[in-house]
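These notes concern the structure reproduced below.
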Amino acid sequence: MKPIITKGTNAFYGSEGFEKLPAQTYHEKDLDEQCIQTVWELSDEELDLVKLTKRIYVSVVAQNPQPILLDVIPFAEEE
């Protein structure tokens with residue numbers, strides 16, 4: 001799985017020594033919050049595994065993870 005740059009990408013996040021993560025920052029009006037959306041592309045093999053298991057695993061490196069949302073459609077419109 002790899003992060004991809006979309007038309008809406010307007011920021012890059014990351015720490016020194018790590019590949020920068022392309023993202024779209026936007027203001028979610030319904031929540032009145034600043035949000036960040038990243039887009040990930042699956043390889044054919046990964047897609048086959050998702051179809052077989054119907055599972056996606058999310059790992060967060062933190063003691064107090066922030067709320068996240070997984071979806072199959074964009075939450076923010078790609079400009």
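Starting from 1 in every chain, residues are counted up; chains themselves are A, B, ... following the order of the structure tokens, and ligands are numbered from 1 as listed.
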- Give me the residues within 12 Å of segment 35-44 of chain A as number ranges by chain, counting only C-alpha atoms and dropping any in the same chain fewer than 5 places off. A: 1-13, 20-30, 49-51, 56, 66-78
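Listed by chain and then by rising number, the residues of chain A that DSSP assigns to alpha helix (DSSP H) from the backbone are Asp44, Glu45, Glu46, Leu47, Asp48, Leu49, Val50, Lys51, Leu52 and Thr53 of chain A.
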- Please measure the separation of atom CA of Val61 of chain A and atom CA of Glu33 of chain A, giving the value in Å to one decimal.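 Taking atom CA of Val61 of chain A and atom CA of Glu33 of chain A, their separation equals 22.4 Å.
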